[in-house]
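> Before anything else, here's the structure in question.
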Amino acid sequence: MSFALTDHWVWDFWHADDGETHHLYYLHAPRSLADPGLRHRNARIGLATSDDLSTWVDHGVVLEPGGAADFDSSATWTGSVVQDDDGAWHMFYTGTRFLHPQRITNVESIGHASSPDLFTWSKSALHVPADPRWYETLGDDTWHEEAWRDPWIHRDSAGLWHMLVTARAVVGAGRDRGVVGHATSADLRNWTVQPPLSEPGAGFAHLEVLQLVTIEDRPVLLFSCDTAHLAGEREAEGVQGGIWALPLATDRLEHPLDISSATRLTSEEFYAGRAVRNREGQWVLLAFENVDAEGTFISGISDPLPLEWAPDGSLCLAPTGIHA
């Protein structure tokens with residue numbers, strides 16, 4: 001295990017590289033809660049730094065929930081960090097608002113913070129909620145939460161910024177509505193929510209912690225879905241969950257992305273995987289250590305697992321890594 005905390009559970013994370021130091025932004029919550037399931041209601045964003053992706057220095061909390069009336073009043077969840085042309089760093093993160101102390105009635109939306117140095121972050125008034133024209137909301141009463149989380153920011157060759165979001169379509173069959181939510185911006189400050197980039201019915205109730213990255217000139221979309229949230233034929237056939245990969249012909253983000261073609265990269269032992277390039281230029285996978293053989297939650301970020309392209313064109317862990 002590469003990064004863990006003694007007194008806190010650690011799970012989802014994202015990465016920023018200033019060219020000298022790797023910055024790991026991670027979700028954490030105190031183990032004193034006793035029940036790991038309560039961590040989601042108590043998540044804060046922390047920061048750790050490293051020179052080699054293996055030895056980390058923890059810097060503690062960098063972003064916390066807002067006030068009682070704010071969209072992020074309960075917890076701050078997964079996001080991503082990008083740098084603008086002016087040198088400023090921008091974090092887009094998930095704000096959560098639980099509406100009941102026991103029920104999983106949670107409204108999720110996207111917030112923003114900026115930083116000059118990747119250490120000190122200031123929230124802005126920017127707020128991007130789900131658009132009910134295309135995305136299922138809590139008011140539809142078909143799912144336990146309003147899923148609009150885990151933003152991943154990608155800039156295309158024309159300079160347009162894209163936000164990929166964990167979301168559920170407003171149409172579709174029951175559980176099988178997981179889609180790649182989408183929003184666009186010319187300046188990182190004004191966002192327009194777009195229709196989903198994928199169609200429901202791909203076998204996933206949700207596609208969590210999306211990442212679009214180009215590995216050795218080959219674009220690939222990574223996401224996570226555990227066994228409990230597989231749907232449709234995947235659920236019926238007893239497919240197991242984990243981290244998934246979908247190679248793409250181009251990094252141009254156009255509808256429809258064929259999510260049904262995604263293949264499993266790792267077992268559910270790992271989750272929320274991120275492809276990161278180390279100082280030697282090698283692509284590796286970092287993931288949080290999810291559950292053991294008995295299904296008990298573990299916590300902590302894995303050691304780097306080397307990635308490679310298989311002869312059949314799928315992304316896989318190199319032989320020195322751990323295969324699904």
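FYI, nothing fancy with the structure tokens labels: chains A, B, ... in order, residues from 1 per chain, ligands from 1 as they appear.
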Which residues are close to stretch 59-76 of chain A, i.e. within 10 Å by only C-alpha atoms, leaving aside same-chain residues fewer than 5 positions away? Reply as a compact mmCIF listing (two decimals) with N, CA, C and O atoms, in the first residue's frame.

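What landed in out26.txt:
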```txt
# COMPACT_ATOMS: atom_id res chain seq x y z
N TYR A 25 -4.89 14.29 -4.38
CA TYR A 25 -6.04 14.77 -3.62
C TYR A 25 -6.92 13.57 -3.31
O TYR A 25 -7.27 12.80 -4.21
N TYR A 26 -7.26 13.38 -2.07
CA TYR A 26 -7.92 12.15 -1.65
C TYR A 26 -9.09 12.44 -0.72
O TYR A 26 -9.09 13.43 0.03
N LEU A 27 -10.09 11.57 -0.75
CA LEU A 27 -11.20 11.63 0.20
C LEU A 27 -10.82 10.86 1.45
O LEU A 27 -10.20 9.79 1.38
N HIS A 28 -11.20 11.40 2.59
CA HIS A 28 -10.94 10.70 3.84
C HIS A 28 -12.01 11.07 4.86
O HIS A 28 -12.66 12.11 4.77
N ALA A 29 -12.19 10.16 5.82
CA ALA A 29 -13.14 10.36 6.92
C ALA A 29 -12.63 9.59 8.12
O ALA A 29 -11.95 8.57 7.97
N ARG A 39 -18.62 6.97 5.94
CA ARG A 39 -17.55 7.85 5.46
C ARG A 39 -18.04 8.81 4.39
O ARG A 39 -17.56 9.94 4.29
N HIS A 40 -19.02 8.38 3.59
CA HIS A 40 -19.48 9.22 2.48
C HIS A 40 -20.14 10.50 2.97
O HIS A 40 -20.07 11.54 2.30
N ARG A 41 -20.78 10.45 4.14
CA ARG A 41 -21.44 11.63 4.68
C ARG A 41 -20.45 12.56 5.39
O ARG A 41 -20.82 13.66 5.79
N ASN A 42 -19.22 12.11 5.55
CA ASN A 42 -18.26 12.87 6.35
C ASN A 42 -16.94 13.10 5.61
O ASN A 42 -15.91 13.37 6.24
N ALA A 43 -16.97 13.01 4.29
CA ALA A 43 -15.75 13.09 3.50
C ALA A 43 -15.22 14.53 3.41
O ALA A 43 -15.98 15.48 3.27
N ARG A 44 -13.90 14.63 3.50
CA ARG A 44 -13.17 15.87 3.28
C ARG A 44 -12.08 15.59 2.25
O ARG A 44 -11.68 14.45 2.05
N ILE A 45 -11.59 16.63 1.59
CA ILE A 45 -10.54 16.47 0.59
C ILE A 45 -9.20 16.80 1.22
O ILE A 45 -9.01 17.90 1.75
N GLY A 46 -8.27 15.84 1.17
CA GLY A 46 -6.93 16.04 1.68
C GLY A 46 -5.92 16.07 0.55
O GLY A 46 -6.25 15.79 -0.61
N LEU A 47 -4.68 16.38 0.89
CA LEU A 47 -3.60 16.46 -0.10
C LEU A 47 -2.35 15.76 0.42
O LEU A 47 -1.96 15.94 1.58
N ALA A 48 -1.74 14.96 -0.45
CA ALA A 48 -0.43 14.38 -0.17
C ALA A 48 0.45 14.60 -1.40
O ALA A 48 -0.06 14.67 -2.53
N THR A 49 1.75 14.72 -1.20
CA THR A 49 2.67 14.95 -2.32
C THR A 49 3.76 13.88 -2.35
O THR A 49 4.10 13.28 -1.32
N TYR A 93 -15.03 19.72 -8.15
CA TYR A 93 -15.27 18.66 -7.16
C TYR A 93 -16.77 18.44 -6.99
O TYR A 93 -17.60 19.26 -7.39
N THR A 94 -17.11 17.33 -6.37
CA THR A 94 -18.50 17.00 -6.09
C THR A 94 -18.92 17.55 -4.74
O THR A 94 -18.25 17.30 -3.73
N GLY A 95 -20.01 18.29 -4.73
CA GLY A 95 -20.62 18.70 -3.48
C GLY A 95 -21.85 17.85 -3.21
O GLY A 95 -22.63 17.56 -4.12
N THR A 96 -22.01 17.40 -1.98
CA THR A 96 -23.13 16.53 -1.64
C THR A 96 -24.00 17.16 -0.54
O THR A 96 -23.50 17.86 0.34
N ARG A 97 -25.28 16.86 -0.64
CA ARG A 97 -26.25 17.36 0.34
C ARG A 97 -27.20 16.22 0.68
O ARG A 97 -28.09 15.88 -0.09
N PHE A 98 -26.99 15.60 1.84
CA PHE A 98 -27.87 14.53 2.30
C PHE A 98 -29.11 15.14 2.94
O PHE A 98 -29.00 16.02 3.81
N LEU A 99 -30.27 14.66 2.53
CA LEU A 99 -31.53 15.25 2.97
C LEU A 99 -32.14 14.56 4.18
O LEU A 99 -33.14 15.05 4.71
N ASN A 106 -29.55 11.77 -1.41
CA ASN A 106 -28.40 12.64 -1.56
C ASN A 106 -28.46 13.37 -2.90
O ASN A 106 -28.62 12.74 -3.95
N VAL A 107 -28.33 14.68 -2.86
CA VAL A 107 -28.27 15.48 -4.08
C VAL A 107 -26.82 15.86 -4.34
O VAL A 107 -26.16 16.46 -3.49
N GLU A 108 -26.33 15.49 -5.52
CA GLU A 108 -24.93 15.75 -5.88
C GLU A 108 -24.87 16.80 -6.98
O GLU A 108 -25.71 16.81 -7.88
N SER A 109 -23.87 17.65 -6.92
CA SER A 109 -23.64 18.63 -7.98
C SER A 109 -22.17 19.03 -7.97
O SER A 109 -21.42 18.64 -7.08
N ILE A 110 -21.77 19.81 -8.96
CA ILE A 110 -20.36 20.11 -9.17
C ILE A 110 -20.04 21.53 -8.73
O ILE A 110 -20.73 22.48 -9.10
N GLY A 111 -18.96 21.67 -7.94
CA GLY A 111 -18.46 22.97 -7.52
C GLY A 111 -17.05 23.19 -8.02
O GLY A 111 -16.44 22.33 -8.68
N ALA A 113 -13.09 25.29 -7.20
CA ALA A 113 -12.16 26.06 -6.37
C ALA A 113 -10.91 26.31 -7.21
O ALA A 113 -10.62 25.59 -8.16
N LEU A 118 -1.51 24.80 -5.86
CA LEU A 118 -1.97 23.43 -5.62
C LEU A 118 -2.08 23.06 -4.13
O LEU A 118 -2.46 21.94 -3.81
N PHE A 119 -1.78 24.01 -3.25
CA PHE A 119 -1.88 23.75 -1.81
C PHE A 119 -3.04 24.53 -1.17
O PHE A 119 -3.77 23.97 -0.34
N THR A 120 -3.19 25.78 -1.51
CA THR A 120 -4.22 26.64 -0.93
C THR A 120 -5.34 26.82 -1.93
O THR A 120 -5.12 27.32 -3.04
N TRP A 121 -6.55 26.43 -1.53
CA TRP A 121 -7.69 26.45 -2.45
C TRP A 121 -8.79 27.37 -1.95
O TRP A 121 -9.10 27.40 -0.76
N SER A 122 -9.38 28.13 -2.88
CA SER A 122 -10.48 29.05 -2.57
C SER A 122 -11.69 28.68 -3.42
O SER A 122 -11.60 28.62 -4.66
N LYS A 123 -12.82 28.44 -2.77
CA LYS A 123 -14.03 28.11 -3.51
C LYS A 123 -14.56 29.34 -4.26
O LYS A 123 -14.40 30.48 -3.80
N HIS A 127 -21.35 26.75 -9.82
CA HIS A 127 -22.13 25.58 -9.38
C HIS A 127 -22.79 24.98 -10.61
O HIS A 127 -23.52 25.67 -11.33
N VAL A 128 -22.51 23.71 -10.89
CA VAL A 128 -23.06 23.04 -12.07
C VAL A 128 -23.92 21.86 -11.62
O VAL A 128 -23.39 20.80 -11.26
N PRO A 129 -25.25 22.00 -11.61
CA PRO A 129 -26.12 20.89 -11.24
C PRO A 129 -26.53 20.07 -12.46
O PRO A 129 -26.29 20.45 -13.62
```
> Pull the helix (DSSP H, G or I) assignments for stretch 195-311 of chain A out of DSSP run on the backbone, and list those residues as a list in words.
Thr227, Ala228, His229, Gly232, Glu233, Arg234, Glu235, Ala236, Ile259, Ser260 and Ser261 of chain A
> Go ahead and save the picked residues with N, CA, C and O atoms, as a JSON list (two decimals), in the first residue's frame.

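Written output follows (result.json):
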```json
[["chain", "number", "residue", "atom", "x", "y", "z"],
["A", 227, "THR", "N", -19.75, -4.73, -8.42],
["A", 227, "THR", "CA", -20.70, -5.79, -8.76],
["A", 227, "THR", "C", -22.13, -5.41, -8.40],
["A", 227, "THR", "O", -23.07, -5.67, -9.17],
["A", 228, "ALA", "N", -22.31, -4.75, -7.27],
["A", 228, "ALA", "CA", -23.65, -4.40, -6.81],
["A", 228, "ALA", "C", -24.36, -3.43, -7.73],
["A", 228, "ALA", "O", -25.59, -3.31, -7.68],
["A", 229, "HIS", "N", -23.61, -2.72, -8.57],
["A", 229, "HIS", "CA", -24.22, -1.73, -9.45],
["A", 229, "HIS", "C", -24.12, -2.08, -10.93],
["A", 229, "HIS", "O", -24.35, -1.22, -11.79],
["A", 232, "GLY", "N", -28.63, -4.94, -16.17],
["A", 232, "GLY", "CA", -28.94, -5.56, -17.45],
["A", 232, "GLY", "C", -28.32, -6.94, -17.59],
["A", 232, "GLY", "O", -28.33, -7.76, -16.67],
["A", 233, "GLU", "N", -27.75, -7.22, -18.78],
["A", 233, "GLU", "CA", -27.16, -8.53, -19.06],
["A", 233, "GLU", "C", -25.96, -8.82, -18.17],
["A", 233, "GLU", "O", -25.73, -9.97, -17.79],
["A", 234, "ARG", "N", -25.17, -7.80, -17.85],
["A", 234, "ARG", "CA", -24.01, -8.04, -16.99],
["A", 234, "ARG", "C", -24.46, -8.58, -15.63],
["A", 234, "ARG", "O", -23.88, -9.52, -15.10],
["A", 235, "GLU", "N", -25.50, -7.98, -15.07],
["A", 235, "GLU", "CA", -26.01, -8.45, -13.79],
["A", 235, "GLU", "C", -26.59, -9.86, -13.93],
["A", 235, "GLU", "O", -26.33, -10.74, -13.11],
["A", 236, "ALA", "N", -27.36, -10.08, -14.99],
["A", 236, "ALA", "CA", -28.01, -11.38, -15.19],
["A", 236, "ALA", "C", -26.99, -12.50, -15.39],
["A", 236, "ALA", "O", -27.23, -13.64, -14.97],
["A", 259, "ILE", "N", -20.21, 2.36, -24.47],
["A", 259, "ILE", "CA", -19.80, 1.90, -23.14],
["A", 259, "ILE", "C", -19.97, 0.39, -22.99],
["A", 259, "ILE", "O", -19.26, -0.26, -22.22],
["A", 260, "SER", "N", -20.88, -0.20, -23.76],
["A", 260, "SER", "CA", -21.11, -1.64, -23.64],
["A", 260, "SER", "C", -19.88, -2.46, -24.03],
["A", 260, "SER", "O", -19.77, -3.63, -23.69],
["A", 261, "SER", "N", -18.92, -1.83, -24.74],
["A", 261, "SER", "CA", -17.70, -2.52, -25.16],
["A", 261, "SER", "C", -16.59, -2.48, -24.11],
["A", 261, "SER", "O", -15.51, -3.04, -24.34]]
```
> Please determine, counting only C-alpha atoms, which residue among A:Thr21, A:Gln211, A:Gln282, A:Gln102 has the shortest atom-to-atom distance to A:Asp150.
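Once distances to A:Asp150 are computed over only C-alpha atoms, the minimum belongs to A:Gln211.
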> Dump as a Markdown table the rows for residues of stretch 191-245 of chain A within 12 Å of stretch 263-268 of chain A: closest atom pair and distance in Å with one decimal, only C-alpha atoms counted, ordered by chain and rising residue number.

```
| residue | atom | partner | partner_atom | distance |
| --- | --- | --- | --- | --- |
| A:Ala202 | CA | A:Thr263 | CA | 11.7 |
| A:Gly203 | CA | A:Thr263 | CA | 11.6 |
| A:Val220 | CA | A:Thr263 | CA | 11.3 |
| A:Leu221 | CA | A:Thr263 | CA | 10.7 |
| A:Leu222 | CA | A:Leu265 | CA | 8.8 |
| A:Phe223 | CA | A:Arg264 | CA | 9.6 |
| A:Ser224 | CA | A:Glu268 | CA | 8.9 |
| A:Cys225 | CA | A:Glu268 | CA | 8.5 |
| A:Asp226 | CA | A:Glu268 | CA | 6.3 |
| A:Thr227 | CA | A:Glu268 | CA | 7.6 |
| A:Ala228 | CA | A:Glu268 | CA | 10.4 |
| A:His229 | CA | A:Glu268 | CA | 11.7 |
| A:Arg234 | CA | A:Thr263 | CA | 11.4 |
| A:Val239 | CA | A:Arg264 | CA | 9.7 |
| A:Gln240 | CA | A:Ser267 | CA | 7.4 |
| A:Gly241 | CA | A:Glu268 | CA | 5.5 |
| A:Gly242 | CA | A:Glu268 | CA | 3.9 |
| A:Ile243 | CA | A:Thr266 | CA | 5.2 |
| A:Trp244 | CA | A:Arg264 | CA | 4.3 |
| A:Ala245 | CA | A:Thr263 | CA | 5.6 |
```
> To test your reading of the structure, identify every residue in stretch 235-269 of chain A that backbone DSSP assigns to strand (DSSP E), and report it as a short mmCIF file (atom, residue, chain, number, x, y, z; two decimals) with C-alpha atoms, in the first residue's frame.

```
data_model
loop_
_atom_site.label_atom_id
_atom_site.label_comp_id
_atom_site.auth_asym_id
_atom_site.auth_seq_id
_atom_site.Cartn_x
_atom_site.Cartn_y
_atom_site.Cartn_z
CA GLY A 242 -14.12 -3.45 -10.62
CA ILE A 243 -12.24 -0.91 -12.73
CA TRP A 244 -13.22 -0.83 -16.43
CA ALA A 245 -11.46 0.42 -19.58
CA LEU A 246 -12.84 1.45 -22.96
CA PRO A 247 -10.27 2.11 -25.72
CA THR A 263 -13.78 -4.56 -20.45
CA ARG A 264 -12.71 -5.10 -16.86
CA LEU A 265 -9.20 -3.93 -16.03
CA THR A 266 -9.09 -5.09 -12.39
#
```
